[in-house]
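File shown: final-v8.cif. Contents: mmCIF, C-alpha atoms.
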data_protein
loop_
_atom_site.label_atom_id
_atom_site.label_comp_id
_atom_site.auth_asym_id
_atom_site.auth_seq_id
_atom_site.Cartn_x
_atom_site.Cartn_y
_atom_site.Cartn_z
CA MET A 28 1.44 4.45 -20.85
CA LYS A 29 0.83 1.50 -18.62
CA THR A 30 -1.69 -0.95 -19.98
CA SER A 31 -1.20 -4.02 -17.84
CA GLN A 32 0.78 -5.38 -14.92
CA TYR A 33 1.91 -8.18 -17.26
CA PHE A 34 3.56 -6.36 -20.19
CA ILE A 35 7.33 -6.15 -19.82
CA ASP A 36 7.63 -3.33 -22.39
CA ASP A 37 5.49 -0.96 -20.34
CA GLU A 38 6.99 1.62 -18.01
CA ALA A 39 7.95 0.30 -14.58
CA ILE A 40 5.11 0.44 -12.07
CA GLN A 41 5.78 3.18 -9.50
CA ILE A 42 4.98 2.11 -5.95
CA LEU A 43 5.32 4.39 -2.94
CA PHE A 44 5.52 2.86 0.53
CA LEU A 45 5.39 5.31 3.43
CA ASP A 46 6.75 3.58 6.54
CA THR A 47 9.11 4.42 9.39
CA ASP A 48 10.63 0.92 9.32
CA HIS A 49 12.23 0.35 5.91
CA ASN A 50 13.36 -3.18 6.75
CA ASP A 51 9.85 -4.27 7.64
CA ALA A 52 8.39 -2.47 4.62
CA ARG A 53 10.85 -4.17 2.26
CA THR A 54 10.19 -7.57 3.86
CA PHE A 55 6.43 -7.04 3.54
CA PHE A 56 6.77 -6.04 -0.08
CA GLU A 57 9.22 -8.77 -1.11
CA ASN A 58 7.22 -11.53 0.60
CA GLY A 59 3.93 -10.45 -0.87
CA LEU A 60 3.33 -7.76 -3.45
CA GLY A 61 6.78 -7.96 -5.03
CA ASN A 62 5.76 -11.24 -6.65
CA ALA A 63 2.74 -9.72 -8.41
CA TRP A 64 4.58 -7.70 -11.09
CA PHE A 65 7.43 -8.09 -13.56
CA ASP A 66 8.76 -4.57 -13.43
CA TYR A 67 8.28 -2.09 -10.63
CA GLU A 68 10.15 0.58 -8.73
CA LEU A 69 9.57 0.54 -5.00
CA HIS A 70 10.18 3.86 -3.30
CA LEU A 71 10.49 3.45 0.47
CA LEU A 72 9.65 6.79 2.05
CA THR A 73 9.92 7.88 5.66
CA CYS A 74 8.12 11.21 5.77
CA LEU A 75 5.18 13.07 4.27
CA GLU A 76 7.38 15.69 2.60
CA GLU A 77 9.22 12.97 0.67
CA THR A 78 5.90 11.43 -0.33
CA LYS A 79 4.50 14.76 -1.51
CA LEU A 80 7.42 15.13 -3.95
CA PHE A 81 6.38 11.89 -5.66
CA LEU A 82 2.74 13.02 -5.84
CA ASP A 83 3.43 16.40 -7.44
CA PRO A 84 3.54 16.18 -11.27
CA ALA A 85 6.17 18.96 -11.30
CA THR A 86 8.60 17.03 -9.06
CA ALA A 87 7.72 13.39 -9.80
CA LYS A 88 10.82 12.10 -11.63
CA HIS A 89 9.25 8.82 -12.73
CA GLY A 90 5.72 10.00 -13.37
CA LEU A 91 2.86 9.81 -10.95
CA PRO A 92 2.69 6.72 -8.74
CA ASP A 93 0.55 3.68 -9.53
CA LEU A 94 0.08 2.56 -5.92
CA LEU A 95 0.50 4.16 -2.50
CA LEU A 96 0.99 2.02 0.60
CA ILE A 97 0.88 3.66 4.02
CA SER A 98 1.94 1.77 7.13
CA ASN A 99 -0.30 2.08 10.15
CA ARG A 100 2.87 3.16 11.98
CA CYS A 101 2.80 6.35 9.85
CA TRP A 102 -0.89 7.07 10.00
CA THR A 103 -1.44 10.42 11.67
CA GLU A 104 -3.79 13.32 11.18
CA GLU A 105 -1.30 14.69 8.62
CA THR A 106 -1.35 11.44 6.66
CA GLU A 107 -5.13 11.45 6.72
CA GLN A 108 -5.05 15.01 5.35
CA LEU A 109 -2.62 13.92 2.61
CA VAL A 110 -4.99 11.15 1.51
CA ALA A 111 -7.88 13.63 1.48
CA GLN A 112 -5.82 15.98 -0.72
CA ILE A 113 -4.99 13.12 -3.07
CA ARG A 114 -8.68 12.25 -3.39
CA GLU A 115 -9.47 15.89 -4.28
CA ASN A 116 -6.78 16.05 -7.00
CA LYS A 117 -8.22 15.08 -10.40
CA LYS A 118 -4.92 13.55 -11.55
CA LEU A 119 -4.62 11.42 -8.42
CA ALA A 120 -8.26 10.79 -7.48
CA CYS A 121 -8.18 7.15 -8.63
CA LEU A 122 -4.76 6.34 -7.13
CA PRO A 123 -5.04 3.07 -5.18
CA ILE A 124 -4.15 3.75 -1.55
CA TYR A 125 -3.85 0.92 0.97
CA CYS A 126 -3.06 0.89 4.67
CA VAL A 127 -0.51 -1.77 5.58
CA ALA A 128 -1.45 -2.85 9.09
CA SER A 129 1.09 -4.43 11.41
CA CYS A 130 -0.45 -5.88 14.56
CA LEU A 131 1.29 -6.10 17.93
CA LYS A 132 1.99 -9.82 17.55
CA LYS A 133 3.90 -9.13 14.35
CA THR A 134 5.88 -6.22 15.71
CA ASN A 135 6.69 -7.97 19.00
CA SER A 136 7.66 -11.37 17.59
CA SER A 137 10.78 -12.66 15.96
CA SER A 138 10.79 -14.43 12.59
CA PRO A 139 8.99 -16.05 10.79
CA GLN A 140 6.09 -13.93 11.96
CA CYS A 141 2.96 -13.59 9.87
CA TRP A 142 4.52 -14.81 6.62
CA GLU A 143 4.35 -18.34 8.02
CA PRO A 144 0.79 -19.75 7.86
CA GLN A 145 1.43 -22.10 10.78
CA TRP A 146 2.63 -19.17 12.92
CA ARG A 147 -0.63 -17.33 12.14
CA ILE A 148 -2.65 -20.35 13.27
CA GLU A 149 -0.59 -20.91 16.42
CA THR A 150 -0.69 -17.27 17.51
CA GLY A 151 -4.26 -16.59 16.39
CA CYS A 152 -3.10 -13.40 14.76
CA ASP A 153 -6.20 -13.13 12.55
CA LYS A 154 -8.03 -11.61 15.52
CA ASP A 155 -5.15 -9.20 16.15
CA ALA A 156 -5.11 -8.19 12.49
CA ARG A 157 -8.83 -7.38 12.62
CA ILE A 158 -8.34 -5.35 15.81
CA THR A 159 -5.42 -3.44 14.24
CA ALA A 160 -7.61 -2.56 11.25
CA ILE A 161 -10.43 -1.05 13.36
CA PRO A 162 -9.12 2.56 13.37
CA PHE A 163 -8.91 2.50 9.56
CA ASN A 164 -12.30 0.90 8.80
CA SER A 165 -14.06 4.28 8.63
CA HIS A 166 -11.73 5.24 5.77
CA LEU A 167 -12.94 2.33 3.64
CA LYS A 168 -16.30 4.03 3.08
CA SER A 169 -16.73 6.02 -0.13
CA LYS A 170 -18.03 8.96 1.93
CA SER A 171 -14.67 9.30 3.69
CA SER A 172 -12.65 12.29 2.48
CA ALA A 173 -9.52 10.20 3.13
CA GLN A 174 -10.81 7.05 1.47
CA LEU A 175 -8.56 4.01 1.50
CA ASN A 176 -9.02 1.21 -1.02
CA GLY A 177 -8.22 -1.41 1.58
CA ILE A 178 -6.33 -2.53 4.65
CA ILE A 179 -3.75 -5.21 3.99
CA CYS A 180 -1.45 -7.46 5.98
CA ALA A 181 0.09 -10.86 5.42
CA ASN A 182 -3.18 -12.49 6.50
CA ASN A 183 -5.26 -11.12 3.63
CA LEU A 184 -2.71 -10.19 0.98
CA ASP A 185 -3.38 -13.25 -1.19
CA ARG A 186 -7.06 -12.25 -1.37
CA GLU A 187 -6.32 -8.54 -1.86
CA ILE A 188 -3.76 -8.72 -4.69
CA PRO A 189 -6.48 -9.12 -7.38
CA ASN A 190 -8.30 -6.08 -5.90
CA ILE A 191 -5.09 -4.05 -5.89
CA ILE A 192 -4.42 -4.93 -9.53
CA GLU A 193 -8.02 -4.06 -10.44
CA LYS A 194 -7.70 -0.65 -8.72
CA MET A 195 -4.35 0.01 -10.43
CA THR A 196 -5.83 -0.81 -13.83
CA ALA A 197 -8.79 1.49 -13.15
CA ASN A 198 -6.32 4.22 -12.15
CA TRP A 199 -4.44 3.89 -15.46
CA PHE A 200 -7.66 4.50 -17.37
CA CYS A 201 -9.22 6.94 -14.90
CA SER A 202 -10.87 9.90 -16.55
CA GLY A 203 -9.38 12.65 -14.45
#

Structure re-expressed in structure tokens:
Amino acid sequence: MKTSQYFIDDEAIQILFLDTDHNDARTFFENGLGNAWFDYELHLLTCLEETKLFLDPATAKHGLPDLLLISNRCWTEETEQLVAQIRENKKLACLPIYCVASCLKKTNSSSPQCWEPQWRIETGCDKDARITAIPFNSHLKSKSSAQLNGIICANNLDREIPNIIEKMTANWFCSG
């Protein structure tokens, strides 16, 4: 059983990242979230069918996931339906699910992109990040059947990591 993100003897944290661009997903994870835990397994997934295998207790090789990240590049009606199904499943209802939003400035620029604070200031990408998040804001409400726990990007990741850890901890002790 997982008891903390800090205990080395616990099972590795299982993180699913649904994204069509594995290089960008790995870069996002390694520059941000990858520094938050000692031991984790990152599963980069490209399609919903792959993701569903990790969410089914009968086919999940490493146990159920501790965190699900979904790139805005992958967000479709099917993905929204998947999140709604997860929220209806008692074993997965508390699973932290975050949208990873990549704005146009990030996707159309070369390095260092949004990982460089000066680049963010010079390009004013905070505004673009807020605009990119607009389609997902309705899913932040608890009334949403496809409720997300948050929308993250390099701009807000430092503020969101404590929230992600809090949601993961709640998931480990969720009464489902």

So which residues get picked by the PyMOL selection byres ((chain A and resi 40) around 7) here, written as an MDAnalysis selection string? chainID A and resid 38:39 41:42 66:68 93

What would the selection look like, as a compact mmCIF listing (two decimals) with C-alpha atoms, in the coordinates of the input, if the PyMOL selection byres ((chain A and resi 175) around 12) were run on the coordinates I just shared?
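result.txt written:
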# COMPACT_ATOMS: atom_id res chain seq x y z
CA LEU A 94 0.08 2.56 -5.92
CA LEU A 95 0.50 4.16 -2.50
CA LEU A 96 0.99 2.02 0.60
CA ILE A 97 0.88 3.66 4.02
CA TRP A 102 -0.89 7.07 10.00
CA THR A 106 -1.35 11.44 6.66
CA GLU A 107 -5.13 11.45 6.72
CA LEU A 109 -2.62 13.92 2.61
CA VAL A 110 -4.99 11.15 1.51
CA ALA A 111 -7.88 13.63 1.48
CA ILE A 113 -4.99 13.12 -3.07
CA ARG A 114 -8.68 12.25 -3.39
CA ALA A 120 -8.26 10.79 -7.48
CA CYS A 121 -8.18 7.15 -8.63
CA LEU A 122 -4.76 6.34 -7.13
CA PRO A 123 -5.04 3.07 -5.18
CA ILE A 124 -4.15 3.75 -1.55
CA TYR A 125 -3.85 0.92 0.97
CA CYS A 126 -3.06 0.89 4.67
CA VAL A 127 -0.51 -1.77 5.58
CA ALA A 160 -7.61 -2.56 11.25
CA PRO A 162 -9.12 2.56 13.37
CA PHE A 163 -8.91 2.50 9.56
CA ASN A 164 -12.30 0.90 8.80
CA SER A 165 -14.06 4.28 8.63
CA HIS A 166 -11.73 5.24 5.77
CA LEU A 167 -12.94 2.33 3.64
CA LYS A 168 -16.30 4.03 3.08
CA SER A 169 -16.73 6.02 -0.13
CA LYS A 170 -18.03 8.96 1.93
CA SER A 171 -14.67 9.30 3.69
CA SER A 172 -12.65 12.29 2.48
CA ALA A 173 -9.52 10.20 3.13
CA GLN A 174 -10.81 7.05 1.47
CA ASN A 176 -9.02 1.21 -1.02
CA GLY A 177 -8.22 -1.41 1.58
CA ILE A 178 -6.33 -2.53 4.65
CA ILE A 179 -3.75 -5.21 3.99
CA ILE A 191 -5.09 -4.05 -5.89
CA LYS A 194 -7.70 -0.65 -8.72

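Candidate residues A:Lys154, A:Lys117, A:Arg100, A:Arg147 were compared for distance to A:Ser129, and the nearest is A:Arg100, using all atoms listed in the file.
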
Neighbour list for A:Ala181 as number ranges by chain, cut-off 8 Å, all atoms listed in the file, skip fewer than 2 positions in-chain: A: 55, 59, 141-142, 179, 183-185

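Proximity to A:Asn190 was assessed for A:Leu80, A:Gln145, A:Cys152, A:Ala63 counting only C-alpha atoms; the smallest distance is recorded for A:Ala63.
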
Exercise: A:Lys79 partners within 12 Å, only C-alpha atoms, chain neighbours under 5 positions left out, as a PyMOL selection string: chain A and resi 43+45+72-74+84-87+91-92+95+105-106+108-110+112-113+119

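One finds atom CA of A:Lys133 at 11.0 Å from atom CA of A:Asp153.
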
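Restricting the calculation to only C-alpha atoms, the smallest distance between A:Ala52 and any of A:Ile161, A:Ile192, A:Leu75, A:Leu69 is found for A:Leu69.
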
Between atom CA of A:Glu76 and atom CA of A:Glu193, measure the distance and give it in Å to one decimal. 28.2 Å

Shortest interatomic distance to A:Phe81 - which of A:Ser98, A:Pro189, A:Phe44, A:Gly151, counting all atoms listed in the file: A:Phe44

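Computed from the coordinates, the atom CA of A:Asp155 to atom CA of A:Cys130 distance equals 6.0 Å.
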